[in-house]
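Visitor: Structure incoming, see below.
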Amino acid sequence: MTTRLGRLLGQGRTADVFEFGDGLAIKLLRPGLSEDSLRSEAEKAKAVILAGAPAPSVQGLERIDGRLGIVFERANGAMMVDLIIDAPGKAMHWGSRLGTVHVAMLSLSTDRLADVKDRLRAKIAQALPLSRGQRRKARDALDALPTGSAVLHGDFHPLNVFLAGSRATVIDWADASRGPAAADIARTLWLISPHSIPPEAPDRDRVVQIVDDIREAYLAEIFALTDVDPDQVDEWALPVLAGRLSEGIEHERVALLARIGQLITRLGRAGMTGAAPY
């Protein structure tokens, strides 16, 4: 394929996304990173499409100037985070919509993705800011949790959701797995919490209020439309947050360590039930 790169659509920690011809986009891996991860992402994207998830279709792999990339159908509509920025007064509306999209995805099942417990077990082992004992307790808490077959995104938040009228498209399935819905909900709760907002973010106090409103409405929609209850989400908090720590998000480190310590203390005293996880 000789199509030239178009405008830059987005940048992440591992890849850049460009327009790539009519109706297509290419996600190009950053130089020096493992190509296996990108190939794995392409296979995960194909698996979630087979399960019925609202993901862009995979057109194949291409190499541009030595960089491997996945060619996707381009997502239609506007990124949800842009809609939130344009209408921050509708934060509760966007939170409800986020919950509705997530519920629809979590209602799907698959046997073509890795078990989320296996993924979290590997990430907990890499959470080196934790002591060996803390990692063991997080792993033990994980081992006690149920398995499941729901389609889990692993990085579900407003930057990865596009909306075109009533239609939603969810992008970036690199962390997709299968398991209980509560595991993915617990992960999203951290991603849409104030802890995920960098301290240097402009007008941070206002952003925190908007995020709190989104989170409240998201949770209300989740609990109204599924049979998942707060205790089930709470049970996943410790392994999910220990796994998150392995990702090296520096501005989250202090909050993660504090919350993980609280969860381990509470686990030792009275089990993992009773309070909101974050």
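Starting from 1 in every chain, residues are counted up; chains themselves are A, B, ... following the order of the structure tokens, and ligands are numbered from 1 as listed.
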Within 12 Å of A:Asp65, counting only C-alpha atoms, which residues qualify if same-chain residues fewer than 2 places away don't, as a PDB file with N, CA and C atoms, in the first residue's frame?

Guide:
ATOM      1  N   THR A   2       0.607   2.173  -0.872  1.00  0.00           N
ATOM      2  CA  THR A   2       1.454   3.352  -1.021  1.00  0.00           C
ATOM      3  C   THR A   2       0.784   4.626  -0.497  1.00  0.00           C
ATOM      4  N   ARG A   4      -0.131   7.751   1.422  1.00  0.00           N
ATOM      5  CA  ARG A   4       0.652   8.628   2.276  1.00  0.00           C
ATOM      6  C   ARG A   4      -0.089   8.878   3.591  1.00  0.00           C
ATOM      7  N   LEU A   5       0.678   9.134   4.637  1.00  0.00           N
ATOM      8  CA  LEU A   5       0.065   9.469   5.911  1.00  0.00           C
ATOM      9  C   LEU A   5      -0.663  10.800   5.806  1.00  0.00           C
ATOM     10  N   LEU A  28       0.534   3.700  14.279  1.00  0.00           N
ATOM     11  CA  LEU A  28       1.945   3.384  14.070  1.00  0.00           C
ATOM     12  C   LEU A  28       2.681   3.282  15.394  1.00  0.00           C
ATOM     13  N   LEU A  29       3.338   2.150  15.581  1.00  0.00           N
ATOM     14  CA  LEU A  29       4.102   1.905  16.803  1.00  0.00           C
ATOM     15  C   LEU A  29       5.289   2.852  16.879  1.00  0.00           C
ATOM     16  N   ARG A  30       5.566   3.328  18.095  1.00  0.00           N
ATOM     17  CA  ARG A  30       6.749   4.165  18.293  1.00  0.00           C
ATOM     18  C   ARG A  30       8.018   3.329  18.053  1.00  0.00           C
ATOM     19  N   PRO A  31       9.057   3.946  17.487  1.00  0.00           N
ATOM     20  CA  PRO A  31      10.308   3.220  17.249  1.00  0.00           C
ATOM     21  C   PRO A  31      10.872   2.613  18.528  1.00  0.00           C
ATOM     22  N   GLU A  62       0.589  -2.676   8.186  1.00  0.00           N
ATOM     23  CA  GLU A  62       1.426  -2.009   7.189  1.00  0.00           C
ATOM     24  C   GLU A  62       2.674  -1.466   7.874  1.00  0.00           C
ATOM     25  N   ARG A  63       3.757  -1.377   7.094  1.00  0.00           N
ATOM     26  CA  ARG A  63       4.997  -0.798   7.630  1.00  0.00           C
ATOM     27  C   ARG A  63       5.278   0.514   6.897  1.00  0.00           C
ATOM     28  N   ARG A  67       8.246   1.627  10.613  1.00  0.00           N
ATOM     29  CA  ARG A  67       7.358   1.494  11.777  1.00  0.00           C
ATOM     30  C   ARG A  67       6.155   0.632  11.403  1.00  0.00           C
ATOM     31  N   LEU A  68       5.870  -0.362  12.223  1.00  0.00           N
ATOM     32  CA  LEU A  68       4.718  -1.230  11.993  1.00  0.00           C
ATOM     33  C   LEU A  68       3.451  -0.545  12.467  1.00  0.00           C
ATOM     34  N   GLY A  69       2.381  -0.712  11.698  1.00  0.00           N
ATOM     35  CA  GLY A  69       1.117  -0.099  12.079  1.00  0.00           C
ATOM     36  C   GLY A  69      -0.067  -0.986  11.769  1.00  0.00           C
TER      37      GLY A  69
END

Visitor: So which residues touch A:Arg121 within 12 Å, counting only C-alpha atoms, skipping near sequence neighbours fewer than 4 positions away, as a ChimeraX atom specification?

Guide: /A:114-117,125-127,135-143,145,238-244,246

Visitor: Can you build me a table of stretch 64-171 of chain A residues sitting at most 10 Å from stretch 207-218 of chain A, with the closest atom pair per residue and its distance in Å to one decimal, using only C-alpha atoms, sorted by chain and residue number, as a tab-separated table?

Guide:
residue	atom	partner	partner_atom	distance
A:Ile84	CA	A:Ile210	CA	8.7
A:Ile85	CA	A:Val207	CA	9.5
A:Pro88	CA	A:Ile210	CA	6.7
A:Gly89	CA	A:Ile210	CA	8.1
A:Lys90	CA	A:Ile214	CA	9.0
A:Ala91	CA	A:Ile214	CA	5.3
A:Met92	CA	A:Ile214	CA	5.2
A:His93	CA	A:Ala217	CA	7.4
A:Trp94	CA	A:Ile214	CA	6.4
A:Gly95	CA	A:Ile214	CA	4.0
A:Ser96	CA	A:Tyr218	CA	4.9
A:Arg97	CA	A:Tyr218	CA	7.4
A:Leu98	CA	A:Tyr218	CA	6.1
A:Gly99	CA	A:Tyr218	CA	4.6
A:Thr100	CA	A:Tyr218	CA	8.0
A:Val101	CA	A:Tyr218	CA	9.9
A:His102	CA	A:Tyr218	CA	9.1
A:Pro158	CA	A:Ile214	CA	9.8

Visitor: With C-alpha atoms kept, could you save the residues just selected as a JSON list (two decimals), in the first residue's frame?

Guide:
[["chain", "number", "residue", "atom", "x", "y", "z"],
["A", 84, "ILE", "CA", -17.49, 17.02, 27.23],
["A", 85, "ILE", "CA", -15.10, 19.94, 26.72],
["A", 88, "PRO", "CA", -19.15, 20.68, 30.40],
["A", 89, "GLY", "CA", -22.53, 21.58, 31.86],
["A", 90, "LYS", "CA", -23.84, 18.30, 30.44],
["A", 91, "ALA", "CA", -21.31, 16.21, 32.39],
["A", 92, "MET", "CA", -24.03, 14.05, 33.97],
["A", 93, "HIS", "CA", -25.47, 13.37, 30.51],
["A", 94, "TRP", "CA", -22.08, 12.29, 29.18],
["A", 95, "GLY", "CA", -21.50, 10.11, 32.23],
["A", 96, "SER", "CA", -24.80, 8.34, 31.65],
["A", 97, "ARG", "CA", -23.94, 7.85, 27.99],
["A", 98, "LEU", "CA", -20.55, 6.46, 28.94],
["A", 99, "GLY", "CA", -22.28, 3.96, 31.21],
["A", 100, "THR", "CA", -24.77, 2.96, 28.51],
["A", 101, "VAL", "CA", -21.98, 2.28, 26.00],
["A", 102, "HIS", "CA", -20.04, 0.26, 28.57],
["A", 158, "PRO", "CA", -14.06, 9.15, 27.23]]

Visitor: Quick one: everything within 6 Å of stretch 24-27 of chain A, counting only C-alpha atoms, minus sequence neighbours fewer than 3 positions away in the same chain. Send it as a list in words.

Guide: Asp16, Val17, Phe18, Glu19, Phe20, Gly21, Gly69, Ile70, Val71, Phe72, Glu73 and Arg74 of chain A

Visitor: Run DSSP on the backbone and grab whatever in stretch 160-195 of chain A lands in alpha helix (DSSP H); send it over as JSON, numbers by chain.

Guide: {"A": [181, 182, 183, 184, 185, 186, 187, 188, 189, 190, 191]}

Visitor: Those same residues, written as a short mmCIF file (atom, residue, chain, number, x, y, z; two decimals), in the first residue's frame with C-alpha atoms?

Guide:
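As a result, result13.cif now contains:
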data_model
loop_
_atom_site.label_atom_id
_atom_site.label_comp_id
_atom_site.auth_asym_id
_atom_site.auth_seq_id
_atom_site.Cartn_x
_atom_site.Cartn_y
_atom_site.Cartn_z
CA ALA A 181 -17.98 -7.10 34.12
CA ALA A 182 -17.06 -5.81 37.59
CA ALA A 183 -13.35 -6.00 36.71
CA ASP A 184 -13.69 -3.55 33.81
CA ILE A 185 -15.97 -1.27 35.81
CA ALA A 186 -13.41 -1.11 38.63
CA ARG A 187 -10.72 -0.15 36.12
CA THR A 188 -12.89 2.57 34.55
CA LEU A 189 -13.70 4.02 37.98
CA TRP A 190 -10.02 4.76 38.48
CA LEU A 191 -9.60 6.14 34.96
#

Visitor: Just checking: using only C-alpha atoms, which residue out of A:Ala78, A:Leu113, A:Leu256, A:Leu50 ends up closest to A:Gly154?

Guide: A:Leu113

Visitor: What is the distance between atom CA of A:Ser37 and atom CA of A:Leu120, in Å to one decimal?

Guide: 16.3 Å

Visitor: How far is it from atom CA of A:Arg253 to atom CA of A:Ala237, in Å with one decimal?

Guide: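 Separating atom CA of A:Arg253 from atom CA of A:Ala237 is a distance of 15.4 Å.
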
Visitor: My list of candidates is A:Ser166, A:Asn76, A:Gln11, A:Ser109. Which is closest to A:Pro56 when distances are computed with only C-alpha atoms?

Guide: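 Nearest candidate to A:Pro56 out of A:Ser166, A:Asn76, A:Gln11, A:Ser109: A:Asn76.
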
Visitor: Looking only at strand (DSSP E or B) from DSSP on the backbone, list the matching residues of stretch 152-206 of chain A as an NGL selection string.

Guide: :A and (152 or 161-164 or 167-170 or 177-179)

Visitor: What separation in Å, quoted to one decimal, exists between atom CA of A:His251 and atom CA of A:Val81?

Guide: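 Result for atom CA of A:His251 versus atom CA of A:Val81: 20.3 Å, one decimal.
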